[in-house]
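One file, run.cif, is given below (mmCIF, N, CA and C atoms).
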data_coords
#
loop_
_atom_site.group_PDB
_atom_site.id
_atom_site.type_symbol
_atom_site.label_atom_id
_atom_site.label_comp_id
_atom_site.auth_asym_id
_atom_site.auth_seq_id
_atom_site.Cartn_x
_atom_site.Cartn_y
_atom_site.Cartn_z
ATOM 1 N N MET J 30 -44.864 -4.329 37.160
ATOM 2 C CA MET J 30 -43.441 -4.460 37.322
ATOM 3 C C MET J 30 -42.751 -4.802 36.008
ATOM 4 N N GLY J 31 -43.463 -4.814 34.919
ATOM 5 C CA GLY J 31 -42.871 -5.108 33.619
ATOM 6 C C GLY J 31 -42.438 -3.854 32.904
ATOM 7 N N TYR J 32 -41.878 -2.909 33.629
ATOM 8 C CA TYR J 32 -41.462 -1.653 33.026
ATOM 9 C C TYR J 32 -40.080 -1.785 32.430
ATOM 10 N N LYS J 33 -39.896 -1.198 31.256
ATOM 11 C CA LYS J 33 -38.581 -1.113 30.635
ATOM 12 C C LYS J 33 -38.321 0.342 30.348
ATOM 13 N N PHE J 34 -37.210 0.845 30.848
ATOM 14 C CA PHE J 34 -36.853 2.232 30.615
ATOM 15 C C PHE J 34 -35.682 2.265 29.656
ATOM 16 N N THR J 35 -35.865 2.953 28.545
ATOM 17 C CA THR J 35 -34.746 3.058 27.616
ATOM 18 C C THR J 35 -33.890 4.266 27.944
ATOM 19 N N THR J 36 -34.517 5.394 28.207
ATOM 20 C CA THR J 36 -33.747 6.570 28.602
ATOM 21 C C THR J 36 -34.440 7.221 29.783
ATOM 22 N N ILE J 37 -33.656 7.616 30.734
ATOM 23 C CA ILE J 37 -34.194 8.328 31.887
ATOM 24 C C ILE J 37 -33.392 9.611 32.020
ATOM 25 N N THR J 38 -34.072 10.707 31.905
ATOM 26 C CA THR J 38 -33.406 12.001 32.033
ATOM 27 C C THR J 38 -33.974 12.704 33.254
ATOM 28 N N THR J 39 -33.566 13.921 33.459
ATOM 29 C CA THR J 39 -34.078 14.667 34.608
ATOM 30 C C THR J 39 -35.366 15.403 34.257
ATOM 31 N N ASN J 40 -35.951 15.073 33.115
ATOM 32 C CA ASN J 40 -37.206 15.671 32.702
ATOM 33 C C ASN J 40 -38.291 15.318 33.731
ATOM 34 N N LYS J 41 -38.950 16.344 34.288
ATOM 35 C CA LYS J 41 -39.933 16.117 35.355
ATOM 36 C C LYS J 41 -41.118 15.277 34.885
ATOM 37 N N LYS J 42 -41.575 15.510 33.641
ATOM 38 C CA LYS J 42 -42.717 14.739 33.142
ATOM 39 C C LYS J 42 -42.363 13.268 33.002
ATOM 40 N N LEU J 43 -41.144 12.983 32.539
ATOM 41 C CA LEU J 43 -40.723 11.598 32.397
ATOM 42 C C LEU J 43 -40.604 10.934 33.756
ATOM 43 N N LEU J 44 -40.073 11.655 34.723
ATOM 44 C CA LEU J 44 -39.925 11.091 36.056
ATOM 45 C C LEU J 44 -41.272 10.866 36.733
ATOM 46 N N LYS J 45 -42.293 11.594 36.326
ATOM 47 C CA LYS J 45 -43.626 11.380 36.891
ATOM 48 C C LYS J 45 -44.154 10.001 36.521
ATOM 49 N N ARG J 46 -43.747 9.482 35.341
ATOM 50 C CA ARG J 46 -44.244 8.185 34.904
ATOM 51 C C ARG J 46 -43.579 7.022 35.634
ATOM 52 N N ILE J 47 -42.465 7.289 36.291
ATOM 53 C CA ILE J 47 -41.786 6.253 37.054
ATOM 54 C C ILE J 47 -42.524 6.078 38.378
ATOM 55 N N MET J 48 -42.660 4.827 38.807
ATOM 56 C CA MET J 48 -43.438 4.565 40.004
ATOM 57 C C MET J 48 -42.750 5.035 41.277
ATOM 58 N N ALA J 49 -41.422 5.142 41.244
ATOM 59 C CA ALA J 49 -40.681 5.510 42.454
ATOM 60 C C ALA J 49 -41.047 6.919 42.905
ATOM 61 N N ASN J 50 -41.144 7.108 44.227
ATOM 62 C CA ASN J 50 -41.513 8.399 44.783
ATOM 63 C C ASN J 50 -40.344 9.116 45.445
ATOM 64 N N HIS J 51 -39.270 8.394 45.723
ATOM 65 C CA HIS J 51 -38.143 8.995 46.432
ATOM 66 C C HIS J 51 -37.019 9.321 45.464
ATOM 67 N N LYS J 52 -36.286 10.380 45.792
ATOM 68 C CA LYS J 52 -35.155 10.774 44.961
ATOM 69 C C LYS J 52 -34.150 9.645 44.833
ATOM 70 N N SER J 53 -33.893 8.985 45.944
ATOM 71 C CA SER J 53 -32.893 7.920 45.927
ATOM 72 C C SER J 53 -33.347 6.750 45.051
ATOM 73 N N ALA J 54 -34.648 6.452 45.063
ATOM 74 C CA ALA J 54 -35.165 5.354 44.247
ATOM 75 C C ALA J 54 -35.070 5.703 42.761
ATOM 76 N N ILE J 55 -35.330 6.955 42.435
ATOM 77 C CA ILE J 55 -35.220 7.404 41.045
ATOM 78 C C ILE J 55 -33.766 7.314 40.594
ATOM 79 N N LYS J 56 -32.846 7.689 41.472
ATOM 80 C CA LYS J 56 -31.417 7.595 41.152
ATOM 81 C C LYS J 56 -31.015 6.143 40.948
ATOM 82 N N ARG J 57 -31.516 5.244 41.784
ATOM 83 C CA ARG J 57 -31.200 3.825 41.643
ATOM 84 C C ARG J 57 -31.704 3.289 40.303
ATOM 85 N N ILE J 58 -32.875 3.753 39.864
ATOM 86 C CA ILE J 58 -33.403 3.332 38.568
ATOM 87 C C ILE J 58 -32.470 3.793 37.451
ATOM 88 N N ARG J 59 -32.012 5.048 37.541
ATOM 89 C CA ARG J 59 -31.062 5.572 36.548
ATOM 90 C C ARG J 59 -29.776 4.759 36.541
ATOM 91 N N GLN J 60 -29.256 4.469 37.733
ATOM 92 C CA GLN J 60 -28.006 3.724 37.832
ATOM 93 C C GLN J 60 -28.167 2.300 37.288
ATOM 94 N N ALA J 61 -29.286 1.665 37.614
ATOM 95 C CA ALA J 61 -29.525 0.298 37.161
ATOM 96 C C ALA J 61 -29.585 0.240 35.637
ATOM 97 N N GLU J 62 -30.220 1.227 35.031
ATOM 98 C CA GLU J 62 -30.326 1.265 33.571
ATOM 99 C C GLU J 62 -28.950 1.459 32.936
ATOM 100 N N THR J 63 -28.153 2.353 33.502
ATOM 101 C CA THR J 63 -26.801 2.591 32.984
ATOM 102 C C THR J 63 -25.968 1.318 33.083
ATOM 103 N N ARG J 64 -26.042 0.648 34.224
ATOM 104 C CA ARG J 64 -25.270 -0.579 34.422
ATOM 105 C C ARG J 64 -25.751 -1.697 33.511
ATOM 106 N N ARG J 65 -27.073 -1.770 33.296
ATOM 107 C CA ARG J 65 -27.626 -2.808 32.413
ATOM 108 C C ARG J 65 -27.077 -2.648 31.005
ATOM 109 N N LEU J 66 -27.059 -1.411 30.517
ATOM 110 C CA LEU J 66 -26.557 -1.166 29.169
ATOM 111 C C LEU J 66 -25.061 -1.453 29.073
ATOM 112 N N ARG J 67 -24.310 -1.072 30.105
ATOM 113 C CA ARG J 67 -22.870 -1.330 30.107
ATOM 114 C C ARG J 67 -22.604 -2.837 30.123
ATOM 115 N N ASN J 68 -23.319 -3.572 30.970
ATOM 116 C CA ASN J 68 -23.134 -5.024 31.042
ATOM 117 C C ASN J 68 -23.507 -5.688 29.733
ATOM 118 N N ARG J 69 -24.559 -5.190 29.100
ATOM 119 C CA ARG J 69 -24.984 -5.738 27.820
ATOM 120 C C ARG J 69 -23.889 -5.572 26.761
ATOM 121 N N TYR J 70 -23.255 -4.401 26.752
ATOM 122 C CA TYR J 70 -22.184 -4.125 25.798
ATOM 123 C C TYR J 70 -21.008 -5.076 26.027
ATOM 124 N N TYR J 71 -20.574 -5.212 27.282
ATOM 125 C CA TYR J 71 -19.424 -6.060 27.573
ATOM 126 C C TYR J 71 -19.736 -7.535 27.299
ATOM 127 N N ALA J 72 -20.950 -7.970 27.586
ATOM 128 C CA ALA J 72 -21.325 -9.355 27.324
ATOM 129 C C ALA J 72 -21.320 -9.630 25.825
ATOM 130 N N LYS J 73 -21.809 -8.684 25.039
ATOM 131 C CA LYS J 73 -21.826 -8.849 23.585
ATOM 132 C C LYS J 73 -20.402 -8.865 23.030
ATOM 133 N N THR J 74 -19.538 -7.997 23.553
ATOM 134 C CA THR J 74 -18.142 -7.962 23.127
ATOM 135 C C THR J 74 -17.465 -9.289 23.442
ATOM 136 N N MET J 75 -17.761 -9.842 24.613
ATOM 137 C CA MET J 75 -17.200 -11.130 25.007
ATOM 138 C C MET J 75 -17.668 -12.240 24.082
ATOM 139 N N ARG J 76 -18.958 -12.255 23.754
ATOM 140 C CA ARG J 76 -19.485 -13.282 22.854
ATOM 141 C C ARG J 76 -18.828 -13.201 21.482
ATOM 142 N N ASN J 77 -18.607 -11.984 20.986
ATOM 143 C CA ASN J 77 -17.944 -11.824 19.692
ATOM 144 C C ASN J 77 -16.506 -12.318 19.744
ATOM 145 N N ALA J 78 -15.801 -12.045 20.833
ATOM 146 C CA ALA J 78 -14.414 -12.502 20.971
ATOM 147 C C ALA J 78 -14.351 -14.028 20.999
ATOM 148 N N VAL J 79 -15.282 -14.656 21.722
ATOM 149 C CA VAL J 79 -15.333 -16.118 21.776
ATOM 150 C C VAL J 79 -15.652 -16.679 20.399
ATOM 151 N N ARG J 80 -16.587 -16.065 19.704
ATOM 152 C CA ARG J 80 -16.973 -16.521 18.376
ATOM 153 C C ARG J 80 -15.789 -16.433 17.410
ATOM 154 N N ASN J 81 -15.057 -15.330 17.469
ATOM 155 C CA ASN J 81 -13.907 -15.167 16.583
ATOM 156 C C ASN J 81 -12.801 -16.172 16.907
ATOM 157 N N LEU J 82 -12.623 -16.476 18.184
ATOM 158 C CA LEU J 82 -11.619 -17.470 18.565
ATOM 159 C C LEU J 82 -12.008 -18.851 18.057
ATOM 160 N N ARG J 83 -13.271 -19.185 18.114
ATOM 161 C CA ARG J 83 -13.721 -20.498 17.634
ATOM 162 C C ARG J 83 -13.561 -20.629 16.120
ATOM 163 N N LYS J 84 -13.640 -19.514 15.396
ATOM 164 C CA LYS J 84 -13.454 -19.546 13.942
ATOM 165 C C LYS J 84 -11.992 -19.708 13.546
ATOM 166 N N GLU J 85 -11.086 -19.371 14.455
ATOM 167 C CA GLU J 85 -9.656 -19.360 14.145
ATOM 168 C C GLU J 85 -9.148 -20.758 13.823
ATOM 169 N N THR J 86 -8.307 -20.868 12.771
ATOM 170 C CA THR J 86 -7.762 -22.170 12.374
ATOM 171 C C THR J 86 -6.258 -22.261 12.585
ATOM 172 N N ASP J 87 -5.585 -21.131 12.726
ATOM 173 C CA ASP J 87 -4.141 -21.117 12.961
ATOM 174 C C ASP J 87 -3.873 -21.197 14.461
ATOM 175 N N LYS J 88 -3.057 -22.173 14.861
ATOM 176 C CA LYS J 88 -2.837 -22.413 16.293
ATOM 177 C C LYS J 88 -2.114 -21.253 16.975
ATOM 178 N N ALA J 89 -1.136 -20.654 16.325
ATOM 179 C CA ALA J 89 -0.372 -19.564 16.949
ATOM 180 C C ALA J 89 -1.266 -18.353 17.193
ATOM 181 N N VAL J 90 -2.075 -18.016 16.210
ATOM 182 C CA VAL J 90 -2.987 -16.880 16.352
ATOM 183 C C VAL J 90 -4.047 -17.184 17.400
ATOM 184 N N ALA J 91 -4.548 -18.425 17.396
ATOM 185 C CA ALA J 91 -5.577 -18.826 18.361
ATOM 186 C C ALA J 91 -5.026 -18.806 19.784
ATOM 187 N N ALA J 92 -3.780 -19.218 19.969
ATOM 188 C CA ALA J 92 -3.181 -19.218 21.306
ATOM 189 C C ALA J 92 -3.050 -17.796 21.838
ATOM 190 N N GLU J 93 -2.670 -16.866 20.970
ATOM 191 C CA GLU J 93 -2.568 -15.465 21.379
ATOM 192 C C GLU J 93 -3.949 -14.890 21.707
ATOM 193 N N ALA J 94 -4.928 -15.209 20.872
ATOM 194 C CA ALA J 94 -6.294 -14.730 21.112
ATOM 195 C C ALA J 94 -6.870 -15.352 22.385
ATOM 196 N N TYR J 95 -6.490 -16.601 22.659
ATOM 197 C CA TYR J 95 -6.983 -17.283 23.857
ATOM 198 C C TYR J 95 -6.564 -16.542 25.125
ATOM 199 N N LYS J 96 -5.339 -16.025 25.140
ATOM 200 C CA LYS J 96 -4.874 -15.265 26.306
ATOM 201 C C LYS J 96 -5.746 -14.035 26.532
ATOM 202 N N ARG J 97 -6.036 -13.322 25.447
ATOM 203 C CA ARG J 97 -6.866 -12.114 25.580
ATOM 204 C C ARG J 97 -8.282 -12.454 26.024
ATOM 205 N N VAL J 98 -8.839 -13.520 25.445
ATOM 206 C CA VAL J 98 -10.224 -13.895 25.758
ATOM 207 C C VAL J 98 -10.341 -14.375 27.206
ATOM 208 N N THR J 99 -9.376 -15.151 27.677
ATOM 209 C CA THR J 99 -9.454 -15.621 29.071
ATOM 210 C C THR J 99 -9.329 -14.454 30.044
ATOM 211 N N ALA J 100 -8.481 -13.485 29.722
ATOM 212 C CA ALA J 100 -8.371 -12.300 30.583
ATOM 213 C C ALA J 100 -9.698 -11.555 30.619
ATOM 214 N N MET J 101 -10.353 -11.441 29.453
ATOM 215 C CA MET J 101 -11.649 -10.763 29.378
ATOM 216 C C MET J 101 -12.700 -11.521 30.185
ATOM 217 N N LEU J 102 -12.713 -12.852 30.053
ATOM 218 C CA LEU J 102 -13.688 -13.662 30.787
ATOM 219 C C LEU J 102 -13.496 -13.527 32.299
ATOM 220 N N ASP J 103 -12.232 -13.548 32.749
ATOM 221 C CA ASP J 103 -11.962 -13.409 34.186
ATOM 222 C C ASP J 103 -12.407 -12.045 34.696
ATOM 223 N N LYS J 104 -12.148 -11.020 33.905
ATOM 224 C CA LYS J 104 -12.528 -9.667 34.312
ATOM 225 C C LYS J 104 -14.053 -9.541 34.417
ATOM 226 N N LEU J 105 -14.772 -10.078 33.431
ATOM 227 C CA LEU J 105 -16.232 -9.994 33.454
ATOM 228 C C LEU J 105 -16.827 -10.854 34.574
ATOM 229 N N ALA J 106 -16.198 -11.982 34.859
ATOM 230 C CA ALA J 106 -16.680 -12.817 35.961
ATOM 231 C C ALA J 106 -16.446 -12.119 37.291
ATOM 232 N N GLY J 107 -15.350 -11.404 37.402
ATOM 233 C CA GLY J 107 -15.068 -10.667 38.636
ATOM 234 C C GLY J 107 -16.049 -9.542 38.874
ATOM 235 N N LYS J 108 -16.582 -8.975 37.791
ATOM 236 C CA LYS J 108 -17.556 -7.884 37.913
ATOM 237 C C LYS J 108 -18.996 -8.381 37.855
ATOM 238 N N ASN J 109 -19.188 -9.698 37.866
ATOM 239 C CA ASN J 109 -20.515 -10.335 37.847
ATOM 240 C C ASN J 109 -21.330 -10.005 36.608
ATOM 241 N N VAL J 110 -20.658 -9.720 35.498
ATOM 242 C CA VAL J 110 -21.383 -9.576 34.237
ATOM 243 C C VAL J 110 -21.787 -10.960 33.759
ATOM 244 N N ILE J 111 -20.879 -11.924 33.925
ATOM 245 C CA ILE J 111 -21.193 -13.341 33.697
ATOM 246 C C ILE J 111 -20.803 -14.080 34.972
ATOM 247 N N SER J 112 -21.338 -15.280 35.149
ATOM 248 C CA SER J 112 -21.022 -16.027 36.365
ATOM 249 C C SER J 112 -19.630 -16.647 36.252
ATOM 250 N N LYS J 113 -19.051 -16.967 37.392
ATOM 251 C CA LYS J 113 -17.712 -17.560 37.408
ATOM 252 C C LYS J 113 -17.726 -18.940 36.764
ATOM 253 N N ASN J 114 -18.807 -19.685 36.940
ATOM 254 C CA ASN J 114 -18.901 -21.008 36.314
ATOM 255 C C ASN J 114 -18.958 -20.901 34.794
ATOM 256 N N LYS J 115 -19.692 -19.926 34.289
ATOM 257 C CA LYS J 115 -19.771 -19.747 32.838
ATOM 258 C C LYS J 115 -18.400 -19.407 32.280
ATOM 259 N N ALA J 116 -17.670 -18.547 32.982
ATOM 260 C CA ALA J 116 -16.321 -18.181 32.542
ATOM 261 C C ALA J 116 -15.420 -19.413 32.528
ATOM 262 N N ALA J 117 -15.499 -20.218 33.580
ATOM 263 C CA ALA J 117 -14.664 -21.416 33.659
ATOM 264 C C ALA J 117 -15.019 -22.407 32.554
ATOM 265 N N ASN J 118 -16.305 -22.590 32.308
ATOM 266 C CA ASN J 118 -16.730 -23.517 31.253
ATOM 267 C C ASN J 118 -16.266 -23.046 29.879
ATOM 268 N N LEU J 119 -16.394 -21.756 29.609
ATOM 269 C CA LEU J 119 -15.954 -21.223 28.326
ATOM 270 C C LEU J 119 -14.443 -21.368 28.161
ATOM 271 N N LYS J 120 -13.687 -21.056 29.213
ATOM 272 C CA LYS J 120 -12.227 -21.165 29.131
ATOM 273 C C LYS J 120 -11.807 -22.610 28.868
ATOM 274 N N SER J 121 -12.487 -23.545 29.500
ATOM 275 C CA SER J 121 -12.172 -24.957 29.304
ATOM 276 C C SER J 121 -12.438 -25.388 27.867
ATOM 277 N N LYS J 122 -13.592 -25.016 27.349
ATOM 278 C CA LYS J 122 -13.940 -25.400 25.973
ATOM 279 C C LYS J 122 -13.017 -24.743 24.960
ATOM 280 N N LEU J 123 -12.672 -23.482 25.210
ATOM 281 C CA LEU J 123 -11.784 -22.780 24.287
ATOM 282 C C LEU J 123 -10.370 -23.354 24.341
ATOM 283 N N ALA J 124 -9.911 -23.769 25.519
ATOM 284 C CA ALA J 124 -8.589 -24.386 25.644
ATOM 285 C C ALA J 124 -8.544 -25.690 24.860
ATOM 286 N N LYS J 125 -9.616 -26.467 24.941
ATOM 287 C CA LYS J 125 -9.689 -27.709 24.161
ATOM 288 C C LYS J 125 -9.631 -27.408 22.675
ATOM 289 N N HIS J 126 -10.346 -26.365 22.267
ATOM 290 C CA HIS J 126 -10.360 -25.992 20.844
ATOM 291 C C HIS J 126 -8.967 -25.585 20.379
ATOM 292 N N VAL J 127 -8.271 -24.762 21.167
ATOM 293 C CA VAL J 127 -6.937 -24.296 20.797
ATOM 294 C C VAL J 127 -5.953 -25.469 20.766
ATOM 295 N N ASN J 128 -6.035 -26.359 21.734
ATOM 296 C CA ASN J 128 -5.117 -27.512 21.778
ATOM 297 C C ASN J 128 -5.372 -28.494 20.643
ATOM 298 N N LYS J 129 -6.597 -28.542 20.153
ATOM 299 C CA LYS J 129 -6.935 -29.460 19.071
ATOM 300 C C LYS J 129 -6.404 -28.981 17.723
ATOM 301 N N LEU J 130 -6.168 -27.675 17.607
ATOM 302 C CA LEU J 130 -5.687 -27.127 16.341
ATOM 303 C C LEU J 130 -4.283 -27.621 16.026
ATOM 304 N N GLU J 131 -4.000 -27.764 14.734
ATOM 305 C CA GLU J 131 -2.665 -28.200 14.298
ATOM 306 C C GLU J 131 -1.829 -26.973 13.966
ATOM 307 N N ALA J 132 -0.558 -27.053 14.277
ATOM 308 C CA ALA J 132 0.331 -25.901 14.086
ATOM 309 C C ALA J 132 0.544 -25.544 12.637
#
How would this structure read if it were set down as structure tokens?
Amino acid sequence: MGYKFTTITTNKKLLKRIMANHKSAIKRIRQAETRRLRNRYYAKTMRNAVRNLRKETDKAVAAEAYKRVTAMLDKLAGKNVISKNKAANLKSKLAKHVNKLEA
């Protein structure tokens, strides 16, 4: 069960190596891989946005960035890319950071 699929195409030889025997199971494997890569991209984008906000020293710019980052966190939490608690914890910490900055 420690299989990692990087690319899954409709190539018959490649599909032979997959343990699934049903068409629907093979499709689910393809879908899961696509979703995993998409979630990975959005999670990385979110981490970069949080990192850039934490580096910010100007309060006005940080406040504007905070709005965008919180919207992104809520959207990702709604799609279960990250958990709702993680989103809430990040928003709380980032709000403290923005409020601590001097104008």
Test item, alpha helix (DSSP H) assignment across chain J, answer as JSON, numbers by chain:
{"J": [41, 42, 43, 44, 45, 46, 52, 53, 54, 55, 56, 57, 58, 59, 60, 61, 62, 63, 64, 65, 66, 67, 68, 69, 70, 71, 72, 73, 74, 75, 76, 77, 78, 79, 80, 81, 82, 83, 84, 88, 89, 90, 91, 92, 93, 94, 95, 96, 97, 98, 99, 100, 101, 102, 103, 104, 105, 106, 107, 113, 114, 115, 116, 117, 118, 119, 120, 121, 122, 123, 124, 125, 126, 127, 128, 129]}
Grab the atom CA of Lys88 of chain J to atom CA of Tyr70 of chain J distance for me, in Å with one decimal place.
28.3 Å
For Ala117 of chain J, please output as a PyMOL selection string all residues within 8 Å (counting only N, CA and C atoms; exclusion window: fewer than 6 positions along the same chain).
chain J and resi 102-103+106+123
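For the pair atom N of Ala124 of chain J and atom C of Ala91 of chain J, the interatomic distance is 9.0 Å.
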For the structure provided, state which residues fall under the PyMOL selection byres (((chain J and resi 118-120 and name CA) around 12) and name CA), and present them as a ChimeraX atom specification.
/J:75-76,78-80,82-83,94-103,106,111-117,121-127
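Note that atom CA of Val110 of chain J and atom CA of Ala72 of chain J are 6.9 Å apart.
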